[in-house]
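Trainee: Next up, entry.cif (mmCIF, C-alpha atoms and all ligand atoms).
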```cif
data_protein
loop_
_atom_site.label_atom_id
_atom_site.label_comp_id
_atom_site.auth_asym_id
_atom_site.auth_seq_id
_atom_site.Cartn_x
_atom_site.Cartn_y
_atom_site.Cartn_z
CA MET A 20 8.56 -33.10 -22.13
CA ILE A 21 9.56 -36.72 -22.58
CA ALA A 22 8.90 -37.46 -18.90
CA ALA A 23 5.43 -35.94 -19.24
CA ALA A 24 4.85 -37.92 -22.43
CA ARG A 25 5.78 -41.17 -20.72
CA ALA A 26 3.28 -40.45 -17.98
CA MET A 27 0.42 -40.24 -20.52
CA PRO A 28 0.52 -43.42 -22.60
CA ALA A 29 -3.23 -43.48 -23.28
CA THR A 30 -3.16 -39.93 -24.64
CA LEU A 31 -0.16 -40.78 -26.82
CA LEU A 32 -1.87 -43.81 -28.28
CA LEU A 33 -4.87 -41.68 -29.19
CA LEU A 34 -2.61 -39.11 -30.86
CA ALA A 35 -0.69 -41.81 -32.73
CA ALA A 36 -3.91 -43.33 -34.04
CA CYS A 37 -5.05 -40.02 -35.48
CA LYS A 38 -3.59 -39.98 -39.01
CA PRO A 39 -3.70 -36.90 -41.22
CA PRO A 40 -3.92 -37.41 -45.02
CA PRO A 41 -0.85 -39.14 -46.57
CA GLU A 42 0.58 -36.12 -48.41
CA GLY A 43 0.66 -33.98 -45.26
CA ARG A 44 1.39 -36.75 -42.87
CA HIS A 45 5.06 -36.14 -42.05
CA PRO A 46 5.93 -32.56 -42.99
CA MET A 47 9.70 -31.92 -42.73
CA ALA A 48 10.03 -28.24 -43.78
CA GLY A 49 13.33 -27.49 -45.45
CA ALA A 50 14.65 -31.04 -45.14
CA ASP A 51 16.18 -32.98 -48.05
CA ALA A 52 15.47 -36.71 -48.25
CA ALA A 53 18.23 -37.36 -50.83
CA ALA A 54 20.78 -35.66 -48.57
CA GLY A 55 19.41 -37.73 -45.68
CA ARG A 56 19.97 -40.96 -47.60
CA ALA A 57 23.58 -39.89 -48.19
CA VAL A 58 24.00 -39.25 -44.44
CA VAL A 59 22.56 -42.70 -43.67
CA GLU A 60 25.14 -44.28 -45.99
CA ARG A 61 28.00 -42.16 -44.68
CA VAL A 62 27.48 -42.87 -40.97
CA GLY A 63 26.65 -46.55 -41.51
CA CYS A 64 23.06 -46.86 -40.26
CA GLY A 65 22.97 -49.93 -42.54
CA SER A 66 25.35 -51.78 -40.25
CA CYS A 67 22.40 -52.16 -37.86
CA HIS A 68 19.32 -51.65 -40.09
CA ALA A 69 18.01 -52.87 -43.46
CA PHE A 70 16.93 -50.08 -45.88
CA PRO A 71 15.02 -50.95 -49.10
CA ASP A 72 17.26 -48.88 -51.38
CA ILE A 73 20.65 -49.55 -49.78
CA ALA A 74 22.06 -52.90 -50.93
CA TRP A 75 24.87 -53.19 -48.40
CA PRO A 76 25.30 -53.44 -45.51
CA ARG A 77 21.90 -54.70 -44.33
CA GLY A 78 22.31 -55.12 -40.59
CA ALA A 79 19.83 -56.86 -38.31
CA VAL A 80 20.83 -55.41 -34.92
CA GLY A 81 17.96 -52.90 -35.17
CA PRO A 82 14.53 -53.12 -36.83
CA ASP A 83 14.12 -53.34 -40.64
CA LEU A 84 13.18 -49.80 -41.70
CA SER A 85 11.69 -50.72 -45.11
CA ARG A 86 8.20 -49.53 -44.17
CA PHE A 87 9.09 -47.02 -41.51
CA ALA A 88 6.87 -44.23 -42.90
CA SER A 89 3.74 -46.26 -42.18
CA GLN A 90 4.64 -46.89 -38.52
CA THR A 91 2.76 -44.89 -35.90
CA MET A 92 5.40 -45.24 -33.17
CA ILE A 93 9.18 -44.90 -32.91
CA ALA A 94 10.76 -47.85 -31.10
CA GLY A 95 7.25 -48.64 -29.82
CA ARG A 96 7.61 -45.84 -27.29
CA VAL A 97 7.03 -42.36 -28.76
CA PRO A 98 4.72 -41.13 -31.56
CA ASN A 99 6.24 -41.16 -35.04
CA ARG A 100 6.41 -37.38 -35.46
CA PRO A 101 9.02 -35.41 -37.46
CA ASP A 102 10.45 -33.54 -34.46
CA LEU A 103 10.71 -36.66 -32.32
CA LEU A 104 12.18 -38.70 -35.20
CA ALA A 105 14.87 -36.11 -35.93
CA ALA A 106 15.79 -36.08 -32.23
CA PHE A 107 15.72 -39.89 -32.05
CA VAL A 108 18.03 -40.58 -35.02
CA ARG A 109 20.56 -38.17 -33.52
CA ASN A 110 20.38 -39.29 -29.89
CA ALA A 111 18.06 -42.26 -29.41
CA PRO A 112 18.71 -42.80 -25.67
CA ALA A 113 17.78 -39.15 -24.97
CA VAL A 114 14.35 -39.68 -26.56
CA VAL A 115 13.78 -43.30 -25.55
CA PRO A 116 15.68 -43.90 -22.30
CA GLY A 117 17.35 -47.30 -22.33
CA SER A 118 17.25 -47.56 -26.14
CA ALA A 119 19.86 -49.92 -27.56
CA MET A 120 20.44 -47.55 -30.47
CA PRO A 121 23.52 -45.40 -29.85
CA ALA A 122 23.68 -41.63 -30.37
CA MET A 123 24.90 -40.95 -33.91
CA PRO A 124 27.52 -38.39 -35.08
CA ILE A 125 25.14 -36.14 -37.06
CA ASP A 126 24.09 -32.53 -36.53
CA GLU A 127 20.51 -31.24 -36.25
CA ALA A 128 20.15 -30.36 -39.96
CA GLU A 129 21.47 -33.79 -40.96
CA ALA A 130 19.04 -35.42 -38.52
CA ARG A 131 16.13 -33.59 -40.19
CA ASP A 132 17.33 -34.75 -43.62
CA VAL A 133 17.63 -38.33 -42.30
CA ALA A 134 14.07 -38.12 -40.92
CA ALA A 135 12.80 -36.84 -44.31
CA TYR A 136 14.49 -39.84 -45.98
CA LEU A 137 12.97 -42.28 -43.45
CA TYR A 138 9.52 -40.86 -44.28
CA THR A 139 10.00 -41.95 -47.92
CA LEU A 140 10.34 -45.60 -46.85
CA GLY A 141 7.10 -47.48 -47.48
CA ALA A 142 5.09 -44.25 -47.64
CA GLU A 143 1.55 -44.94 -48.86
C1 LIG A 201 24.75 -49.94 -33.44
C2 LIG A 201 23.50 -50.24 -34.13
C3 LIG A 201 22.65 -49.10 -34.66
C4 LIG A 201 23.04 -48.07 -35.50
C5 LIG A 201 24.42 -47.76 -36.04
C6 LIG A 201 21.83 -47.34 -35.80
N1 LIG A 201 20.76 -47.89 -35.17
FE1 LIG A 201 18.81 -47.32 -35.34
N2 LIG A 201 18.28 -48.72 -33.97
C7 LIG A 201 19.13 -49.65 -33.40
C8 LIG A 201 18.39 -50.42 -32.44
C9 LIG A 201 18.96 -51.54 -31.58
C10 LIG A 201 17.07 -49.93 -32.46
C11 LIG A 201 15.88 -50.36 -31.58
C12 LIG A 201 15.90 -49.35 -30.45
C13 LIG A 201 14.78 -49.41 -29.48
O1 LIG A 201 13.82 -50.16 -29.68
O2 LIG A 201 14.85 -48.64 -28.50
C14 LIG A 201 17.03 -48.87 -33.44
C15 LIG A 201 15.90 -48.16 -33.78
C16 LIG A 201 15.82 -47.26 -34.84
C17 LIG A 201 14.62 -46.65 -35.33
C18 LIG A 201 13.21 -46.93 -34.79
C19 LIG A 201 12.71 -48.15 -35.55
C20 LIG A 201 11.31 -48.58 -35.21
O3 LIG A 201 10.90 -49.63 -35.71
O4 LIG A 201 10.62 -47.88 -34.47
C21 LIG A 201 14.96 -45.83 -36.35
C22 LIG A 201 14.02 -44.98 -37.19
C23 LIG A 201 16.39 -45.90 -36.50
N3 LIG A 201 16.88 -46.79 -35.57
C24 LIG A 201 17.11 -45.21 -37.43
C25 LIG A 201 18.50 -45.21 -37.50
C26 LIG A 201 19.27 -44.33 -38.35
C27 LIG A 201 18.68 -43.35 -39.34
C28 LIG A 201 20.58 -44.59 -38.09
C29 LIG A 201 21.78 -43.88 -38.64
C30 LIG A 201 21.80 -42.42 -38.44
C31 LIG A 201 20.62 -45.66 -37.11
N4 LIG A 201 19.34 -45.99 -36.76
C32 LIG A 201 21.79 -46.23 -36.62
C33 LIG A 201 20.45 -49.82 -33.68
C34 LIG A 201 21.23 -48.97 -34.46
#
```
The structure given in the file should be rewritten as structure tokens.
Mentor:
Amino acid sequence: MIAAARAMPATLLLLAACKPPPEGRHPMAGADAAAGRAVVERVGCGSCHAFPDIAWPRGAVGPDLSRFASQTMIAGRVPNRPDLLAAFVRNAPAVVPGSAMPAMPIDEAEARDVAAYLYTLGAE
């Protein structure tokens, strides 16, 4: 699927530009943003990223995620969709080949919670 997606950049840009209403924008059924924030703290995402509600650490290896919910793309390469985000935070190089973000030691349910938390950051 990813290979097919990479072969259709124009289509992806059109999809990414098509925004549903804010409240239904990033549905993460059954995911828990508060649990996701706890996972982010536990595995140390802050050593590489700045989060608005995590005081320390505030790393700068990766992008500042303070307004992540309003981004239309993940790592500038794939559409910012719940399924792709959950896959990315768990194993970034599998979703975005060559990504400098390492795979993280979290399971699929934790990845969905983390994605739900990321969608609270800078949500309009
Ligand atoms: C060792 C450093 C490192 C760690 C730890 C890390 N990341 Fe990343 N992250 C990066 C880098 C570098 C990028 C940019 C990757 C790219 O552009 O391909 C990135 C990109 C991202 C993005 C996309 C940002 C954007 O602007 O599109 C998200 C979301 C993200 N990381 C979330 C997380 C979460 C959540 C965790 C913890 C589970 C985490 N990262 C742990 C280094 C890290």
Trainee: Quote the spacing between atom CA of Met120 of chain A and atom C13 of ligand LIG 201 (chain A) in Å to one decimal place.
Mentor: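 One can read the atom CA of Met120 of chain A to atom C13 of ligand LIG 201 (chain A) distance as 6.0 Å.
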Trainee: Taking all atoms listed in the file into account, name the residue in A:Ala57, A:Ala105, A:Ala119, A:Ile73 that is nearest to ligand LIG 201 (chain A).
Mentor: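 Among A:Ala57, A:Ala105, A:Ala119, A:Ile73, it is A:Ala119 that comes nearest to ligand LIG 201 (chain A).
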Trainee: Report, in Å to a single decimal, how far apart atom CA of Asp83 of chain A and atom C34 of ligand LIG 201 (chain A) are.
Mentor: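 According to the coordinates, atom C34 of ligand LIG 201 (chain A) and atom CA of Asp83 of chain A are separated by 10.4 Å.
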Trainee: Need the shell around Phe87 of chain A: protein/DNA/RNA residues with any atom at most 12 Å away, counting all atoms listed in the file. Skip same-chain ones fewer than 4 positions apart. Format as a ChimeraX atom specification?
Mentor: /A:45,68-71,82-83,91-95,99-100,104,134-143
Trainee: From the set A:Ala128, A:Val115, A:Ala74, A:Ala106, which residue has the shortest atom-to-atom contact distance to ligand LIG 201 (chain A), counting only C-alpha atoms and all ligand atoms?
Mentor: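 Smallest distance to ligand LIG 201 (chain A) is found for A:Val115.
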